[in-house]
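Visitor: For reference, the structure I am asking about is given below.
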Amino acid sequence: MRRERKTGGRARPPTCHNHGMTTLKSKLKEDLHTAMKARDELTSSTLRLTLTAITKEEVSGTSARELSDDEVQKVIAKEAKKRREAAEAFAQGGRTEQAEREKAEGELLDGYLPKQLTDDELNVIVASAVEEAKAAGAEGPRAMGAVMKIVNPKVAGLAEGGRVAAAVKKLLAG
């Protein structure tokens, strides 16, 4: 006989079953659990914040839904980017301790993301997109939008938007 938890009249099944959960999200939860047991404050607070961001994303919009692994990855990437930007800001403000912590949190989150493309790999993809855009009649600096449209789906999650834009600009200028 399965015991239900008391939830103010509503019977809810125990939450230990990860039926609908994405694999990436359940990995984050498992790692959080491990970090808490190990009393790893940095990892547990970083994962806690990230899981909160994922939950926030799940309940935003018109109806609550389960995020796909790709969507969870986008949230993690956004969180990692926030950490990198905060680390830079702290470093510029001479607050090295906070900068180091933000940097460490960012690197921790990067571990859950697909390996980023190297500059060489990115340039190869961008170069072929520039050729494709030229073949379609897009030339010069105005081709930026056309090239980005071709490149973005190919590098989604593998390179930051700023890096991609810089590579496209460089190739179009050259």
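Just so we're on the same page: first chain in the structure tokens is A, next is B, and so on; residues restart at 1 for each chain, and ligands are numbered from 1 in the order they show up.
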Please identify every residue of range 19-85 of chain A that has at least one atom no farther than 10 Å from an atom of range 111-127 of chain A, counting only C-alpha atoms, and for each give the shortest atom pair and the distance in Å to one decimal, arranged by chain then increasing number, as CSV.
Guide:
residue,atom,partner,partner_atom,distance
A:Leu24,CA,A:Tyr112,CA,8.0
A:Lys27,CA,A:Tyr112,CA,9.1
A:Leu28,CA,A:Tyr112,CA,8.4
A:Asp70,CA,A:Leu113,CA,9.9
A:Val72,CA,A:Leu113,CA,9.8
A:Gln73,CA,A:Leu113,CA,6.4
A:Lys74,CA,A:Leu113,CA,8.9
A:Ile76,CA,A:Leu113,CA,7.4
A:Ala77,CA,A:Leu113,CA,7.0
A:Ala80,CA,A:Leu113,CA,9.4
Visitor: As a list in words, please: all residues of range 140-173 of chain A that backbone DSSP puts in helix (DSSP H, G or I).
Guide: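 Secondary structure check on range 140-173 of chain A, helix (DSSP H, G or I): Pro141, Arg142, Ala143, Met144, Gly145, Ala146, Val147, Met148, Lys149, Ile150, Val151, Asn152, Pro153, Lys154, Val155, Gly161, Gly162, Arg163, Val164, Ala165, Ala166, Ala167, Val168, Lys169, Lys170, Leu171, Leu172 and Ala173 of chain A.
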Visitor: If you keep C-alpha atoms, can you produce a file of those selected residues as a PDB file, in the first residue's frame?
Guide:
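Dumped to again-v9.pdb:
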ATOM      1  CA  PRO A 141      27.944  44.110 -44.425  1.00  0.00           C
ATOM      2  CA  ARG A 142      24.248  43.826 -45.301  1.00  0.00           C
ATOM      3  CA  ALA A 143      24.733  40.066 -45.621  1.00  0.00           C
ATOM      4  CA  MET A 144      25.176  39.848 -41.810  1.00  0.00           C
ATOM      5  CA  GLY A 145      21.507  38.950 -41.177  1.00  0.00           C
ATOM      6  CA  ALA A 146      21.410  36.376 -43.955  1.00  0.00           C
ATOM      7  CA  VAL A 147      24.607  34.730 -42.741  1.00  0.00           C
ATOM      8  CA  MET A 148      23.455  34.711 -39.102  1.00  0.00           C
ATOM      9  CA  LYS A 149      20.202  32.997 -40.185  1.00  0.00           C
ATOM     10  CA  ILE A 150      22.240  30.207 -41.776  1.00  0.00           C
ATOM     11  CA  VAL A 151      24.842  29.914 -38.987  1.00  0.00           C
ATOM     12  CA  ASN A 152      22.658  30.109 -35.862  1.00  0.00           C
ATOM     13  CA  PRO A 153      20.792  26.789 -36.233  1.00  0.00           C
ATOM     14  CA  LYS A 154      24.107  25.020 -36.955  1.00  0.00           C
ATOM     15  CA  VAL A 155      25.906  26.355 -33.889  1.00  0.00           C
ATOM     16  CA  GLY A 161      25.971  34.548 -29.952  1.00  0.00           C
ATOM     17  CA  GLY A 162      28.599  37.262 -29.477  1.00  0.00           C
ATOM     18  CA  ARG A 163      31.371  34.968 -30.689  1.00  0.00           C
ATOM     19  CA  VAL A 164      29.314  33.936 -33.716  1.00  0.00           C
ATOM     20  CA  ALA A 165      28.473  37.540 -34.643  1.00  0.00           C
ATOM     21  CA  ALA A 166      32.130  38.570 -34.290  1.00  0.00           C
ATOM     22  CA  ALA A 167      33.269  35.722 -36.545  1.00  0.00           C
ATOM     23  CA  VAL A 168      30.635  36.595 -39.167  1.00  0.00           C
ATOM     24  CA  LYS A 169      31.567  40.300 -39.088  1.00  0.00           C
ATOM     25  CA  LYS A 170      35.259  39.461 -39.436  1.00  0.00           C
ATOM     26  CA  LEU A 171      34.693  37.225 -42.457  1.00  0.00           C
ATOM     27  CA  LEU A 172      32.306  39.658 -44.143  1.00  0.00           C
ATOM     28  CA  ALA A 173      34.738  42.543 -43.640  1.00  0.00           C
TER      29      ALA A 173
END
Visitor: Please report the interatomic distance between CA of Ser45 in chain A and CA of Glu79 in chain A in Å with one decimal.
Guide: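 That distance, rounded to one decimal, is 12.7 Å.
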Visitor: Name the residues in contact with Ile54 in chain A at a cut-off of 9 Å, using only C-alpha atoms, excluding same-chain residues fewer than 2 positions from it; report them as a PyMOL selection string.
Guide: chain A and resi 25+49-52+56-59+67+71-72+75-76
Visitor: To one decimal place, how far is CA of Lys37 in chain A from CA of Gly106 in chain A in Å?
Guide: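 Computing it gives 21.6 Å between the two atoms.
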Visitor: For each of A:Val130, A:Leu47, A:Ala86, A:Ala35, take the minimum atom-to-atom distance to Glu102 in chain A, counting only C-alpha atoms, then give the residue where this is smallest.
Guide: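 Going through A:Val130, A:Leu47, A:Ala86, A:Ala35 one by one, the smallest distance to Glu102 in chain A is for A:Ala86.
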Visitor: Any idea what the distance is between CA of Asp69 in chain A and CA of Thr46 in chain A?
Guide: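 It comes out at 18.6 Å.
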